[in-house]
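Structure record follows, encoded as structure tokens.
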Amino acid sequence: MFSIRNNVRNSFTSIFRRPSITSPLTSRTLASKALDKTKLETSTPLAEELAATGVWDPSRRGPKPKNAKTSPKADKTRLNIVSEKLCDDIFAYVGSTLERHKGCDIVDIYPGAGLWSRKLHDYLQPRSHILMEPDAELYEPFLKPLLDRPNTTLIPASGLVWRELSSIMTPEYLPHQVVPDPSRLTQRNDTLLVTANIAFHPKKRFLTFESMASLVLYQFIESIRSSGLFQRYGLVRMLIWTRHDDKYSLLPKMMQKRKKLALDSELSCEWVREVCGREGLDSAWFVRDSIIDASSSLATWERMQAAGIKMPRGRASEDLKEAKVALRSRKAIVPGSRPPVFKRQFQEALNELETAHKEQVFTKDSDTYKSMQSYRWRATSEDRKHERMFRLISGLDAINLLYKSGRASSGELEALEAEWEASLQANPKGSINEFITYKDNLHYYRQDPPLLHWDRRAYDPMVVRAEEFFPNIECALLDIQPKEVHPLLRQRGPHSNRAGDCFDLVMNSMMFQSTLPVSQSLDAIMPGAADYIIPRWKSGKDLDHGGVLTKTRYAQLSARLLNARQWEELLELWMEWPFRPEFHELIARTNDEEANEDTILNTDL
């Protein structure tokens, strides 16, 4: 996936080889495993009606008796929202942000049983509502109450097949929408709203994408930059339902999970918010300092209070509850001001063993006691390592303060950096890598505004329950608001200056070695690039907004640390550089390798 080949045919494709928007996405997907029968509990009348169709009944697989009643043919991996209370809570929570869309046109992709579609219709009172449902035979009876309303149309087609979606982008279906002139494509269009349910279980793979939902999200975000699909009418807001684990590629909560889709959204979206979703960590393997998470939750709670946003009863996450307690106690939560804390699975096991040991003392020769001791030793080792990390980050912070204040000479700064680097190198390689990951996550959070959409959230997600969906798999609702894209990023194709295409090539090349200093990454693409760009790169030196002034190779800006503004300014300087290679030369100079969705922006560090 996302491959580059040094030939003329591929020279006109994007570096990340965007899948064709005209290919039928549903024709080459497959389910990873069968649906678990325990996920078919019914807790609402709508769930009971869906279960009664027999579509999801595992016992009905295989040959059917001749006289048996057949279920409608439909996609058995579809997930439906079946809780009216969940929908009501959503509108009570964030309905005020939807006021500007009242009376708009709605394009509704995969409405399914239609509960969310009906509630959205009731709230917005749209002038037209188009429902694109490929399983119309199954879902039309569920949708009938909505279809009986004026200006509501059911189209038995897949809105995820772009050819079919494009077929409704016409005056026949959207008579109130007009494709604006290019100067107005960068303005919000609040008269059109798109909603879609792309939640599937089991997941559907497509090509090398982990799920078809990931691909659809990728192309929805890509359409903002290219003014494709419904974005041809201006910047159109999207409300997207996904499986709980499909959201992480678009809305990561830590540096290690920030991939290409998240970076694209930072360049193209004013916000990406999770309205509701499953509570819990987004990765069992990757974590960041829990103090950063606590500070992020506290900042979110303060924003909610300032905006008058009230969490519906029973929907608050544990993190938000802890943030409320911290605010009442006036307890300061400042990441980097004390040793980091990382939630590891062994700590939970140790706590359980310690509790059991207090109730009934283990004998010292028992396996249980030995396990507890092993966990204790590991916890002590981790604490010592975290103390070393704190001393290192404190030393680096002190150097940065001297840079910012201008109170130290270049010679003094150089000596301090050499001393700091020596103290870092005295640690084992694994500890160095862990520290750099900790430092980089701290760098993401400390800048103004924080780099990740997650840490800028206006409100905390409401917690959903599995039984509010049928089958019972937790889903998330994502709110995506596009923004004006940098003009150079829109310059793509043979009738442009190719700035956008060059950006894709440069960024992809830098991401293959994402922990190298930016100066080295640039010179690896074209010698001399860093000499021109780095001295003029103001955002790269702005300490308040993600810049870095230190010279040590362990603390310089690397590609994975760059925020949207830094990428944009880097592109501006690249296009100004008198000796930049021509587009075809740049293709030849960049890596002829494959960039994988799971490895872009990820490294061993």
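So you can find residues: chains in the structure tokens are A, B, ... in the order shown, residues in each start at 1, and ligands are numbered from 1 in order.
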
Report task. Write out as a ChimeraX atom specification each polymer residue whose atoms come within 10 Å of Lys385 of chain A, counting only C-alpha atoms; drop sequence neighbours fewer than 3 positions from it. Result -> /A:339-340,379-382,388-390,427,431,434-435

Report task. Find the residues around segment 291-296 of chain A up to 6 Å (only C-alpha atoms counted), leave out those fewer than 4 positions away in its own chain, and share them as JSON, numbers by chain. Result -> {"A": [333, 335, 455]}

Query raised in the report: What are the DSSP helix (DSSP H, G or I) residues of segment 490-584 of chain A, as a VMD selection string?
Result: chain A and resid 490 499 to 511 518 to 525 529 to 536 538 to 541 543 to 545 559 to 561 564 to 576 583 to 584

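Take the candidates A:Ser265, A:Asn197, A:Gln373, A:Ser519 and check each one against Gln219 of chain A using only C-alpha atoms; the shortest distance goes to A:Ser265.
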
For the contact check between segment 404-500 of chain A and segment 551-575 of chain A, emit one row per residue of segment 404-500 of chain A within 7 Å, containing the shortest atom pair and the distance in Å rounded to one decimal, counting only C-alpha atoms, chain then rising number order, as a tab-separated table.
residue	atom	partner	partner_atom	distance
A:Glu417	CA	A:Thr552	CA	6.4
A:Glu421	CA	A:Thr552	CA	6.9
A:Asp440	CA	A:Leu561	CA	7.0
A:Leu451	CA	A:Asn563	CA	6.0
A:Ala499	CA	A:Met575	CA	6.9

Query raised in the report: segment 243-256 of chain A: which residues within 9 Å, counting only C-alpha atoms, same-chain residues fewer than 2 positions away excluded, as JSON, numbers by chain?
Result: {"A": [79, 198, 199, 200, 201, 203, 210, 211, 213, 214, 217, 218, 241, 258, 259, 260, 261, 262, 263, 264, 265, 272, 273, 274, 277, 278, 281, 282, 286, 287, 288, 293, 437, 440, 441, 444, 452, 453, 454, 455, 473, 474, 475, 476, 477, 478, 560, 561, 601, 602, 603, 605]}

Query raised in the report: Do you know which residues are at most 9 Å from Ser509 of chain A counting only C-alpha atoms, after dropping those on the same chain fewer than 6 positions away, and could you put them as a ChimeraX atom specification?
Result: /A:521-522,524-525,590-591

Requested in this report: Select from segment 173-220 of chain A everything DSSP, run on the backbone, classes as strand (DSSP E or B), then give the selection as a VMD selection string.
Outcome: chain A and resid 188 to 197 200 204 to 206 209

Tell me, as an mmCIF file with N, CA and C atoms, in the first residue's frame, which residues lie within 6 Å of Ser268 of chain A, counting only C-alpha atoms; anything in the same chain fewer than 4 positions away does not count.
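That gives us result_38.cif:
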data_model
loop_
_atom_site.group_PDB
_atom_site.id
_atom_site.type_symbol
_atom_site.label_atom_id
_atom_site.label_comp_id
_atom_site.auth_asym_id
_atom_site.auth_seq_id
_atom_site.Cartn_x
_atom_site.Cartn_y
_atom_site.Cartn_z
ATOM 1 N N PRO A 482 -14.221 20.394 8.773
ATOM 2 C CA PRO A 482 -13.096 20.795 7.912
ATOM 3 C C PRO A 482 -12.746 22.269 8.086
ATOM 4 N N LYS A 483 -11.512 22.611 7.735
ATOM 5 C CA LYS A 483 -11.066 23.998 7.760
ATOM 6 C C LYS A 483 -10.410 24.328 6.422
ATOM 7 N N VAL A 485 -7.737 24.708 3.894
ATOM 8 C CA VAL A 485 -6.447 24.045 3.719
ATOM 9 C C VAL A 485 -5.453 25.039 3.127
#
